[in-house]
Amino acid sequence: MSADETRIDPHTHSVESDGTDSPADVLRAAARAGLDVVGLTDHDSVRGWDAAVSAVAGTGVALLRGAEISTQSRGISVHLLSYLHDPAEPTLAGEMERSRRSRLDRARTMVAHIAEDYPITWELVQAQAADGATIGRPHIADALVAVGAMPDRSTCFDTVLSVRGPYYVPYHAPDAVEAVAMVRAAGGVPVMAHPRAGVRGRVVSDAVIEAMADAGLFALEIDHRDHTPGAVAELEALAARLGLERTGSSDYHGDGKPNVLGERTTSPAVLAKIEEEGHLPVVRP
C-alpha cells in the first residue's frame, strides 16, 4: 500500500469519555473499517491509552494517542485536540483533571434539575458510564433513553441537553489560546476540532482562531460531518491565510452517535508532520 492510500481517522472516543466502545474495541472497529491509523482522543482523558496500545499488534491498526481538551473563549466552547503530548507534563495534566472534576460537578447539577421533570436519577446516569469515565451529557442522554423519555442521544442533545436549553450548566475550561500554548509546552500538537460546527452552539470568530494560530495551533479539523460545504470553504481559506494544516475525522463515538469510522480522514503527509512535532511516536504494529 502506498502512503497516499493510507487511511487515517484521528479523532475517536471510547468509554473512557463519551463513546460506547472500549479503547481496544475502537481499534478493532477501526480494523473492520479498513483504517490503517486511528486516533484515540477521549475528552480530558488519556486513561484509554494503555489499553489501546495493547490492542495495536492484534488489530494491525496504528495508534495516534491524543485527547480532546475542553477549552473556551469568552464563554464559547472550543474543543482542542492534543496529539502525542507528554501525559506526565503537570500543567496540562492538571488542567485536564480540573476540567474532568468540573464536568462531574456540572453533570450532578444538571441531573438534579432534569430529574424534576424527567424520571432519571444520578445512580441511573452513573450506570451508563464505564468505571472511571468522565461523566457528561452523553451519559445523561443515555439515562433519558433508558427510561423511555427520549428515543436517542441526538434527540436529547437537540432538546433537553441543548446548550440553549433551561437545564444546561457550564463547566470549567481554560482559555482556548492559553490551552494551545499548554499543549505545545507539553510536547503536543494542537488541532482545533470542528471549528464551524454551528449545530453544536455558538462558534468563535476568525480573530480567536488567528490568536490560537499565533500561540502554536497546528491545524483546523476542516473535514467533519458537522460542517456545511460553505463552512468547509471558509475554513479552507482561513487555514491557507494562517498557514494551518487540514485534518478530517469521523469523531466516532461508537453507538452513541451516527458517525461512522473513516467517513472523513486525514492525509498521511499531515500525520507525518504531527508525529514529527509531537513528543511521542505513533504506535505501530
# chains A, B, ... in the order shown; residues from 1 in each chain; ligands from 1

$ residues_around --residues "Arg103 of chain A" --least-positions-apart "6" --cutoff "10 Å" --atoms "only C-alpha atoms" --output "ChimeraX atom specification"
/A:44,70,97,109,134-137,169-173

$ write_last_selection --atoms "C-alpha atoms" --output "JSON list (two decimals), in the first residue's frame"
[["chain", "number", "residue", "atom", "x", "y", "z"],
["A", 44, "ASP", "CA", -9.90, 15.47, 29.01],
["A", 70, "SER", "CA", -12.29, 21.30, 26.86],
["A", 97, "GLU", "CA", -8.11, 16.80, 35.63],
["A", 109, "THR", "CA", -26.28, 19.69, 38.93],
["A", 134, "THR", "CA", -15.70, 11.31, 32.50],
["A", 135, "ILE", "CA", -19.45, 11.55, 33.13],
["A", 136, "GLY", "CA", -21.09, 14.13, 30.93],
["A", 137, "ARG", "CA", -24.16, 14.99, 28.91],
["A", 169, "VAL", "CA", -24.90, 24.22, 33.17],
["A", 170, "PRO", "CA", -21.41, 25.38, 32.09],
["A", 171, "TYR", "CA", -18.21, 23.83, 33.44],
["A", 172, "HIS", "CA", -14.61, 24.91, 33.92],
["A", 173, "ALA", "CA", -12.49, 25.10, 30.80]]

$ residues_around --residues "segment 15-18 of chain A" --least-positions-apart "6" --cutoff "12 Å" --atoms "only C-alpha atoms" --output "compact mmCIF listing (two decimals) with all heavy atoms, in the first residue's frame"
# COMPACT_ATOMS: atom_id res chain seq x y z
N ALA A 24 -9.78 -0.78 23.26
CA ALA A 24 -9.39 -1.88 22.38
C ALA A 24 -10.42 -2.10 21.29
O ALA A 24 -10.08 -2.38 20.12
CB ALA A 24 -9.17 -3.15 23.18
N ASP A 25 -11.70 -1.97 21.64
CA ASP A 25 -12.74 -2.16 20.65
C ASP A 25 -12.75 -1.05 19.60
O ASP A 25 -13.18 -1.27 18.46
CB ASP A 25 -14.11 -2.25 21.32
CG ASP A 25 -14.36 -3.63 21.94
OD1 ASP A 25 -13.66 -4.58 21.55
OD2 ASP A 25 -15.24 -3.73 22.82
N VAL A 26 -12.30 0.14 19.96
CA VAL A 26 -12.16 1.21 18.96
C VAL A 26 -11.16 0.76 17.90
O VAL A 26 -11.41 0.92 16.69
CB VAL A 26 -11.70 2.53 19.61
CG1 VAL A 26 -11.31 3.55 18.54
CG2 VAL A 26 -12.80 3.11 20.49
N LEU A 40 -7.10 8.02 19.23
CA LEU A 40 -7.99 7.93 20.38
C LEU A 40 -7.90 9.25 21.13
O LEU A 40 -6.84 9.60 21.66
CB LEU A 40 -7.59 6.77 21.29
CG LEU A 40 -8.51 6.57 22.51
CD1 LEU A 40 -9.92 6.19 22.07
CD2 LEU A 40 -7.95 5.51 23.45
N THR A 41 -9.01 9.98 21.19
CA THR A 41 -8.99 11.35 21.72
C THR A 41 -10.14 11.56 22.68
O THR A 41 -11.05 12.35 22.43
CB THR A 41 -9.07 12.37 20.57
OG1 THR A 41 -10.20 12.03 19.73
CG2 THR A 41 -7.81 12.36 19.72
N ASP A 42 -10.11 10.86 23.80
CA ASP A 42 -11.19 11.00 24.78
C ASP A 42 -11.15 12.38 25.43
O ASP A 42 -10.12 13.04 25.52
CB ASP A 42 -11.07 9.91 25.85
CG ASP A 42 -11.58 8.58 25.35
OD1 ASP A 42 -12.68 8.55 24.76
OD2 ASP A 42 -10.89 7.56 25.53
N HIS A 43 -12.31 12.82 25.89
CA HIS A 43 -12.44 14.14 26.49
C HIS A 43 -11.64 14.24 27.79
O HIS A 43 -11.91 13.52 28.75
CB HIS A 43 -13.91 14.47 26.77
CG HIS A 43 -14.72 14.68 25.54
ND1 HIS A 43 -14.65 15.84 24.79
CD2 HIS A 43 -15.62 13.89 24.91
CE1 HIS A 43 -15.48 15.75 23.76
NE2 HIS A 43 -16.07 14.56 23.81
N ASP A 44 -10.67 15.15 27.80
CA ASP A 44 -9.90 15.47 29.01
C ASP A 44 -9.37 14.21 29.69
O ASP A 44 -9.31 14.14 30.92
CB ASP A 44 -10.77 16.27 29.99
CG ASP A 44 -11.24 17.59 29.39
OD1 ASP A 44 -10.40 18.34 28.88
OD2 ASP A 44 -12.46 17.85 29.40
N SER A 45 -8.97 13.23 28.91
CA SER A 45 -8.54 11.96 29.49
C SER A 45 -7.57 11.22 28.59
O SER A 45 -7.75 11.18 27.36
CB SER A 45 -9.74 11.07 29.78
OG SER A 45 -9.34 9.81 30.30
N VAL A 46 -6.55 10.61 29.20
CA VAL A 46 -5.65 9.71 28.48
C VAL A 46 -5.74 8.30 29.08
O VAL A 46 -4.89 7.45 28.84
CB VAL A 46 -4.20 10.22 28.52
CG1 VAL A 46 -4.08 11.58 27.85
CG2 VAL A 46 -3.67 10.29 29.96
N ARG A 47 -6.79 8.05 29.85
CA ARG A 47 -6.90 6.78 30.56
C ARG A 47 -7.02 5.57 29.63
O ARG A 47 -6.72 4.44 30.03
CB ARG A 47 -8.10 6.81 31.51
CG ARG A 47 -7.95 7.84 32.62
CD ARG A 47 -9.07 7.75 33.63
NE ARG A 47 -8.97 8.79 34.64
CZ ARG A 47 -9.66 8.83 35.75
NH1 ARG A 47 -10.53 7.87 36.02
NH2 ARG A 47 -9.52 9.81 36.62
N GLY A 48 -7.45 5.79 28.41
CA GLY A 48 -7.60 4.67 27.48
C GLY A 48 -6.35 4.36 26.69
O GLY A 48 -6.32 3.36 25.96
N TRP A 49 -5.30 5.15 26.85
CA TRP A 49 -4.11 4.95 26.02
C TRP A 49 -3.49 3.57 26.17
O TRP A 49 -3.19 2.90 25.18
CB TRP A 49 -3.07 6.01 26.35
CG TRP A 49 -3.32 7.36 25.75
CD1 TRP A 49 -4.46 7.80 25.13
CD2 TRP A 49 -2.40 8.45 25.72
NE1 TRP A 49 -4.31 9.10 24.74
CE2 TRP A 49 -3.06 9.53 25.08
CE3 TRP A 49 -1.10 8.64 26.19
CZ2 TRP A 49 -2.44 10.77 24.89
CZ3 TRP A 49 -0.48 9.87 26.00
CH2 TRP A 49 -1.15 10.92 25.35
N ASP A 50 -3.27 3.13 27.40
CA ASP A 50 -2.55 1.87 27.61
C ASP A 50 -3.31 0.69 26.99
O ASP A 50 -2.71 -0.18 26.34
CB ASP A 50 -2.33 1.61 29.09
CG ASP A 50 -1.27 2.54 29.69
OD1 ASP A 50 -0.55 3.20 28.91
OD2 ASP A 50 -1.18 2.61 30.93
N ALA A 51 -4.62 0.65 27.20
CA ALA A 51 -5.42 -0.44 26.64
C ALA A 51 -5.40 -0.40 25.12
O ALA A 51 -5.36 -1.44 24.45
CB ALA A 51 -6.86 -0.37 27.16
N ALA A 52 -5.42 0.81 24.56
CA ALA A 52 -5.39 0.94 23.11
C ALA A 52 -4.03 0.50 22.56
O ALA A 52 -3.96 -0.19 21.53
CB ALA A 52 -5.69 2.39 22.71
N ALA A 67 -6.00 13.51 23.02
CA ALA A 67 -7.11 13.84 23.92
C ALA A 67 -7.84 15.04 23.33
O ALA A 67 -7.25 15.85 22.61
CB ALA A 67 -6.61 14.17 25.32
N GLU A 68 -9.13 15.13 23.63
CA GLU A 68 -9.90 16.30 23.24
C GLU A 68 -10.09 17.16 24.48
O GLU A 68 -10.79 16.77 25.41
CB GLU A 68 -11.25 15.90 22.63
CG GLU A 68 -12.00 17.10 22.06
CD GLU A 68 -13.19 16.70 21.20
OE1 GLU A 68 -13.51 15.49 21.15
OE2 GLU A 68 -13.80 17.58 20.58
N ILE A 69 -9.45 18.30 24.49
CA ILE A 69 -9.40 19.15 25.67
C ILE A 69 -10.51 20.19 25.63
O ILE A 69 -10.73 20.85 24.61
CB ILE A 69 -8.02 19.85 25.76
CG1 ILE A 69 -6.93 18.79 25.86
CG2 ILE A 69 -7.96 20.79 26.96
CD1 ILE A 69 -5.53 19.36 25.76
N ARG A 100 -12.15 17.63 34.19
CA ARG A 100 -12.88 16.40 34.46
C ARG A 100 -13.73 16.54 35.72
O ARG A 100 -14.90 16.16 35.76
CB ARG A 100 -11.92 15.22 34.61
CG ARG A 100 -11.44 14.61 33.31
CD ARG A 100 -10.35 13.58 33.56
NE ARG A 100 -10.74 12.58 34.54
CZ ARG A 100 -11.44 11.49 34.25
NH1 ARG A 100 -11.84 11.28 33.01
NH2 ARG A 100 -11.74 10.62 35.19
N ARG A 103 -16.64 18.80 35.07
CA ARG A 103 -17.67 18.12 34.29
C ARG A 103 -18.55 17.26 35.20
O ARG A 103 -19.77 17.19 35.03
CB ARG A 103 -17.04 17.21 33.22
CG ARG A 103 -16.63 17.91 31.93
CD ARG A 103 -15.95 16.90 31.03
NE ARG A 103 -15.60 17.47 29.74
CZ ARG A 103 -16.36 17.39 28.66
NH1 ARG A 103 -17.54 16.78 28.73
NH2 ARG A 103 -15.97 17.92 27.52
N LEU A 104 -17.92 16.60 36.16
CA LEU A 104 -18.67 15.75 37.08
C LEU A 104 -19.62 16.58 37.92
O LEU A 104 -20.81 16.23 38.08
CB LEU A 104 -17.70 14.97 37.98
CG LEU A 104 -18.34 14.05 39.02
CD1 LEU A 104 -19.16 12.96 38.35
CD2 LEU A 104 -17.25 13.43 39.90
N GLN A 128 -24.66 4.35 33.19
CA GLN A 128 -24.45 4.43 31.75
C GLN A 128 -22.97 4.60 31.40
O GLN A 128 -22.60 4.49 30.21
CB GLN A 128 -25.22 5.62 31.15
CG GLN A 128 -26.66 5.75 31.55
CD GLN A 128 -27.46 4.48 31.31
OE1 GLN A 128 -27.40 3.90 30.23
NE2 GLN A 128 -28.22 4.06 32.32
N ALA A 129 -22.13 4.87 32.39
CA ALA A 129 -20.72 5.16 32.13
C ALA A 129 -19.82 4.04 32.63
O ALA A 129 -20.13 3.36 33.61
CB ALA A 129 -20.33 6.47 32.82
N ALA A 130 -18.70 3.86 31.95
CA ALA A 130 -17.70 2.89 32.41
C ALA A 130 -17.03 3.41 33.67
O ALA A 130 -17.02 4.62 33.93
CB ALA A 130 -16.66 2.67 31.31
N ASP A 131 -16.47 2.51 34.45
CA ASP A 131 -15.76 2.91 35.68
C ASP A 131 -14.64 3.88 35.33
O ASP A 131 -13.81 3.61 34.45
CB ASP A 131 -15.18 1.69 36.39
CG ASP A 131 -16.24 0.81 37.00
OD1 ASP A 131 -17.38 1.28 37.16
OD2 ASP A 131 -15.93 -0.36 37.32
N GLY A 132 -14.62 5.02 36.00
CA GLY A 132 -13.56 5.99 35.79
C GLY A 132 -13.78 6.93 34.61
O GLY A 132 -12.96 7.81 34.37
N ALA A 133 -14.84 6.73 33.86
CA ALA A 133 -15.10 7.58 32.69
C ALA A 133 -15.51 8.98 33.13
O ALA A 133 -16.02 9.18 34.24
CB ALA A 133 -16.20 6.97 31.83
N THR A 134 -15.27 9.94 32.25
CA THR A 134 -15.70 11.31 32.50
C THR A 134 -17.20 11.40 32.25
O THR A 134 -17.65 11.33 31.11
CB THR A 134 -14.97 12.29 31.57
OG1 THR A 134 -13.56 12.15 31.74
CG2 THR A 134 -15.36 13.73 31.87
N ILE A 135 -17.99 11.51 33.30
CA ILE A 135 -19.45 11.55 33.13
C ILE A 135 -19.86 12.92 32.60
O ILE A 135 -19.46 13.96 33.11
CB ILE A 135 -20.16 11.25 34.46
CG1 ILE A 135 -19.87 9.81 34.89
CG2 ILE A 135 -21.66 11.48 34.34
CD1 ILE A 135 -20.51 9.40 36.19
N GLY A 136 -20.66 12.90 31.55
CA GLY A 136 -21.09 14.13 30.93
C GLY A 136 -22.48 14.02 30.34
O GLY A 136 -23.23 13.07 30.62
N ARG A 137 -22.82 14.97 29.50
CA ARG A 137 -24.16 14.99 28.91
C ARG A 137 -24.51 13.72 28.14
O ARG A 137 -25.67 13.29 28.17
CB ARG A 137 -24.30 16.22 28.00
CG ARG A 137 -24.43 17.54 28.77
CD ARG A 137 -24.75 18.69 27.83
NE ARG A 137 -23.68 18.92 26.89
CZ ARG A 137 -23.80 19.57 25.74
NH1 ARG A 137 -24.98 20.05 25.37
NH2 ARG A 137 -22.77 19.75 24.95
N PRO A 138 -23.57 13.08 27.43
CA PRO A 138 -23.95 11.85 26.73
C PRO A 138 -24.49 10.77 27.67
O PRO A 138 -25.40 10.02 27.30
CB PRO A 138 -22.65 11.41 26.06
CG PRO A 138 -21.90 12.68 25.86
CD PRO A 138 -22.19 13.49 27.09
N HIS A 139 -23.95 10.69 28.87
CA HIS A 139 -24.43 9.67 29.81
C HIS A 139 -25.81 10.05 30.36
O HIS A 139 -26.64 9.17 30.63
CB HIS A 139 -23.41 9.49 30.94
CG HIS A 139 -22.04 9.16 30.43
ND1 HIS A 139 -20.99 10.04 30.53
CD2 HIS A 139 -21.58 8.07 29.76
CE1 HIS A 139 -19.92 9.49 29.97
NE2 HIS A 139 -20.25 8.31 29.49
N ILE A 140 -26.04 11.35 30.53
CA ILE A 140 -27.39 11.79 30.91
C ILE A 140 -28.37 11.45 29.79
O ILE A 140 -29.49 10.98 30.05
CB ILE A 140 -27.41 13.31 31.20
CG1 ILE A 140 -26.41 13.67 32.31
CG2 ILE A 140 -28.81 13.76 31.60
CD1 ILE A 140 -26.26 15.17 32.54
N ALA A 141 -27.93 11.65 28.56
CA ALA A 141 -28.77 11.30 27.42
C ALA A 141 -29.10 9.81 27.43
O ALA A 141 -30.25 9.41 27.22
CB ALA A 141 -28.07 11.67 26.11
N ASP A 142 -28.11 8.98 27.69
CA ASP A 142 -28.35 7.54 27.72
C ASP A 142 -29.34 7.16 28.81
O ASP A 142 -30.14 6.22 28.64
CB ASP A 142 -27.03 6.79 27.92
CG ASP A 142 -26.10 6.91 26.71
OD1 ASP A 142 -26.59 7.30 25.63
OD2 ASP A 142 -24.90 6.63 26.86
N ARG A 153 -29.78 9.61 21.62
CA ARG A 153 -28.91 10.68 22.09
C ARG A 153 -29.12 11.97 21.31
O ARG A 153 -29.14 13.07 21.88
CB ARG A 153 -27.44 10.27 21.97
CG ARG A 153 -26.85 9.55 23.16
CD ARG A 153 -25.33 9.46 22.99
NE ARG A 153 -24.71 8.68 24.06
CZ ARG A 153 -23.39 8.49 24.17
NH1 ARG A 153 -22.59 9.03 23.27
NH2 ARG A 153 -22.89 7.77 25.16
N ASP A 251 -14.94 11.62 14.20
CA ASP A 251 -15.41 11.97 15.55
C ASP A 251 -16.32 10.84 16.05
O ASP A 251 -17.40 11.06 16.59
CB ASP A 251 -16.15 13.30 15.52
CG ASP A 251 -16.33 13.95 16.87
OD1 ASP A 251 -15.92 13.34 17.88
OD2 ASP A 251 -16.89 15.06 16.93
N TYR A 252 -15.84 9.63 15.89
CA TYR A 252 -16.59 8.40 16.20
C TYR A 252 -16.84 8.26 17.70
O TYR A 252 -15.96 8.50 18.51
CB TYR A 252 -15.78 7.22 15.69
CG TYR A 252 -16.29 5.84 16.03
CD1 TYR A 252 -17.39 5.30 15.36
CD2 TYR A 252 -15.64 5.05 16.98
CE1 TYR A 252 -17.84 4.01 15.64
CE2 TYR A 252 -16.08 3.77 17.26
CZ TYR A 252 -17.17 3.26 16.60
OH TYR A 252 -17.61 1.98 16.89
N HIS A 253 -18.07 7.85 18.04
CA HIS A 253 -18.45 7.62 19.44
C HIS A 253 -19.07 6.24 19.64
O HIS A 253 -19.78 6.01 20.61
CB HIS A 253 -19.46 8.67 19.90
CG HIS A 253 -18.87 10.01 20.19
ND1 HIS A 253 -18.36 10.84 19.21
CD2 HIS A 253 -18.71 10.68 21.37
CE1 HIS A 253 -17.93 11.97 19.76
NE2 HIS A 253 -18.12 11.89 21.07
N GLY A 254 -18.84 5.31 18.72
CA GLY A 254 -19.50 4.01 18.84
C GLY A 254 -20.98 4.14 18.54
O GLY A 254 -21.39 4.84 17.61
N ASP A 255 -21.80 3.48 19.37
CA ASP A 255 -23.25 3.53 19.17
C ASP A 255 -23.87 4.84 19.65
O ASP A 255 -25.06 5.08 19.46
CB ASP A 255 -23.92 2.37 19.93
CG ASP A 255 -23.54 1.02 19.37
OD1 ASP A 255 -23.19 0.96 18.17
OD2 ASP A 255 -23.58 0.03 20.13
N GLY A 256 -23.05 5.70 20.28
CA GLY A 256 -23.58 6.93 20.86
C GLY A 256 -23.98 7.97 19.85
O GLY A 256 -24.81 8.84 20.14
N LYS A 257 -23.37 7.93 18.65
CA LYS A 257 -23.69 8.89 17.60
C LYS A 257 -23.68 8.17 16.26
O LYS A 257 -23.10 7.09 16.14
CB LYS A 257 -22.66 10.04 17.59
CG LYS A 257 -22.73 10.97 18.79
CD LYS A 257 -21.76 12.13 18.63
CE LYS A 257 -21.85 13.10 19.79
NZ LYS A 257 -20.90 14.25 19.64

$ closest_residue --among "A:Glu275, A:Thr121, A:Val53, A:Ala219" --to "Val147 of chain A" --atoms "only C-alpha atoms"
A:Thr121

$ select_by_dssp --residues "segment 123-269 of chain A" --states "helix (DSSP H, G or I)" --output "MDAnalysis selection string"
chainID A and resid 123:127 137:146 153:158 176:185 198:200 206:215 229:242 254:256 268:269

$ residues_around --residues "Gly201 of chain A" --least-positions-apart "5" --cutoff "9 Å" --atoms "only C-alpha atoms" --output "list of chain:residue names"
A:Ile76, A:Ser77, A:Ser162, A:Val163, A:Arg164

$ residues_around --residues "segment 86-95 of chain A" --least-positions-apart "6" --cutoff "7 Å" --atoms "only C-alpha atoms" --output "PyMOL selection string"
chain A and resi 182-183+186-188+279-280

$ write_last_selection --atoms "N, CA, C and O atoms" --output "mmCIF file, in the first residue's frame"
data_model
loop_
_atom_site.group_PDB
_atom_site.id
_atom_site.type_symbol
_atom_site.label_atom_id
_atom_site.label_comp_id
_atom_site.auth_asym_id
_atom_site.auth_seq_id
_atom_site.Cartn_x
_atom_site.Cartn_y
_atom_site.Cartn_z
ATOM 1 N N MET A 182 -0.384 25.578 26.291
ATOM 2 C CA MET A 182 -0.155 24.482 27.240
ATOM 3 C C MET A 182 0.141 23.173 26.508
ATOM 4 O O MET A 182 1.010 22.395 26.918
ATOM 5 N N VAL A 183 -0.611 22.916 25.438
ATOM 6 C CA VAL A 183 -0.386 21.691 24.663
ATOM 7 C C VAL A 183 1.023 21.693 24.083
ATOM 8 O O VAL A 183 1.751 20.692 24.150
ATOM 9 N N ALA A 186 3.628 20.933 26.570
ATOM 10 C CA ALA A 186 3.641 19.519 26.946
ATOM 11 C C ALA A 186 4.131 18.634 25.805
ATOM 12 O O ALA A 186 4.059 17.402 25.892
ATOM 13 N N GLY A 187 4.631 19.252 24.740
ATOM 14 C CA GLY A 187 5.139 18.483 23.608
ATOM 15 C C GLY A 187 4.060 17.992 22.663
ATOM 16 O O GLY A 187 4.316 17.150 21.805
ATOM 17 N N GLY A 188 2.844 18.517 22.814
ATOM 18 C CA GLY A 188 1.738 18.072 21.983
ATOM 19 C C GLY A 188 1.552 18.906 20.728
ATOM 20 O O GLY A 188 2.149 19.978 20.571
ATOM 21 N N HIS A 279 5.730 14.891 20.992
ATOM 22 C CA HIS A 279 6.668 14.326 21.975
ATOM 23 C C HIS A 279 6.726 12.805 21.880
ATOM 24 O O HIS A 279 7.778 12.202 22.100
ATOM 25 N N LEU A 280 5.597 12.185 21.559
ATOM 26 C CA LEU A 280 5.506 10.730 21.486
ATOM 27 C C LEU A 280 5.458 10.255 20.048
ATOM 28 O O LEU A 280 5.064 11.000 19.148
#

$ atom_distance --atom1 "atom CA of Asp206 of chain A" --atom2 "atom CA of Ser250 of chain A"
23.6 Å

$ residues_around --residues "Pro190 of chain A" --least-positions-apart "2" --cutoff "7 Å" --atoms "only C-alpha atoms" --output "JSON, numbers by chain"
{"A": [80, 81, 82, 83, 180, 183, 188, 192, 217, 218]}

$ select_by_dssp --residues "segment 54-241 of chain A" --states "strand (DSSP E)" --output "ChimeraX atom specification"
/A:62-73,76-83,189-192,219-223

$ write_last_selection --atoms "C-alpha atoms" --output "tab-separated table (two decimals), in the first residue's frame"
chain	number	residue	atom	x	y	z
A	62	ALA	CA	-1.54	2.07	14.29
A	63	LEU	CA	-2.49	4.32	17.20
A	64	LEU	CA	-2.27	8.10	17.33
A	65	ARG	CA	-2.52	8.97	21.02
A	66	GLY	CA	-4.40	12.14	21.90
A	67	ALA	CA	-7.11	13.84	23.92
A	68	GLU	CA	-9.90	16.30	23.24
A	69	ILE	CA	-9.40	19.15	25.67
A	70	SER	CA	-12.29	21.30	26.86
A	71	THR	CA	-11.49	24.99	26.35
A	72	GLN	CA	-13.46	28.18	25.88
A	73	SER	CA	-13.23	31.72	24.59
A	76	ILE	CA	-17.99	29.89	23.81
A	77	SER	CA	-16.95	26.24	23.91
A	78	VAL	CA	-13.83	25.36	21.90
A	79	HIS	CA	-12.68	21.75	21.58
A	80	LEU	CA	-8.94	21.34	21.17
A	81	LEU	CA	-7.38	18.07	20.08
A	82	SER	CA	-3.95	17.45	21.57
A	83	TYR	CA	-1.84	14.83	19.83
A	189	VAL	CA	0.39	19.08	18.59
A	190	PRO	CA	-2.83	21.15	18.90
A	191	VAL	CA	-5.64	20.90	16.36
A	192	MET	CA	-8.94	22.80	16.64
A	219	ALA	CA	-4.30	22.60	12.13
A	220	LEU	CA	-8.04	23.00	11.73
A	221	GLU	CA	-10.27	19.94	11.59
A	222	ILE	CA	-11.95	21.05	8.38
A	223	ASP	CA	-13.45	17.78	7.17

$ closest_residue --among "A:Arg202, A:His194, A:His85, A:His11" --to "Pro281 of chain A" --atoms "only C-alpha atoms"
A:His85

$ closest_residue --among "A:Val56, A:Ala215, A:Leu124, A:Ala115" --to "Tyr167 of chain A" --atoms "only C-alpha atoms"
A:Ala115

$ atom_distance --atom1 "atom CA of Val145 of chain A" --atom2 "atom CA of Val160 of chain A"
11.6 Å

$ closest_residue --among "A:Val282, A:Ala269, A:Leu144, A:Glu116" --to "Thr6 of chain A" --atoms "only C-alpha atoms"
A:Ala269

$ closest_residue --among "A:Ser14, A:Thr228, A:Thr59, A:Thr20" --to "Arg284 of chain A" --atoms "only C-alpha atoms"
A:Thr59

$ closest_residue --among "A:Ala143, A:Ala193, A:Val177, A:Ala185" --to "Ala207 of chain A" --atoms "only C-alpha atoms"
A:Val177

$ residues_around --residues "Leu35 of chain A" --least-positions-apart "3" --cutoff "6 Å" --atoms "only C-alpha atoms" --output "PyMOL selection string"
chain A and resi 7+30-31

$ write_last_selection --atoms "all heavy atoms" --output "CSV table (one decimal), in the first residue's frame"
chain,number,residue,atom,x,y,z
A,7,ARG,N,-5.2,5.1,5.2
A,7,ARG,CA,-6.5,5.7,5.7
A,7,ARG,C,-6.3,6.0,7.2
A,7,ARG,O,-6.0,5.1,8.0
A,7,ARG,CB,-7.7,4.8,5.5
A,7,ARG,CG,-7.9,4.5,4.0
A,7,ARG,CD,-9.2,3.7,3.8
A,7,ARG,NE,-10.3,4.6,4.1
A,7,ARG,CZ,-11.4,4.2,4.9
A,7,ARG,NH1,-11.4,3.1,5.5
A,7,ARG,NH2,-12.4,5.1,5.1
A,30,ALA,N,-11.8,0.0,14.0
A,30,ALA,CA,-11.0,0.6,13.0
A,30,ALA,C,-10.5,-0.4,12.0
A,30,ALA,O,-10.5,-0.1,10.8
A,30,ALA,CB,-9.9,1.4,13.7
A,31,ALA,N,-10.1,-1.5,12.5
A,31,ALA,CA,-9.6,-2.6,11.6
A,31,ALA,C,-10.7,-3.0,10.6
A,31,ALA,O,-10.5,-3.2,9.4
A,31,ALA,CB,-9.0,-3.7,12.4
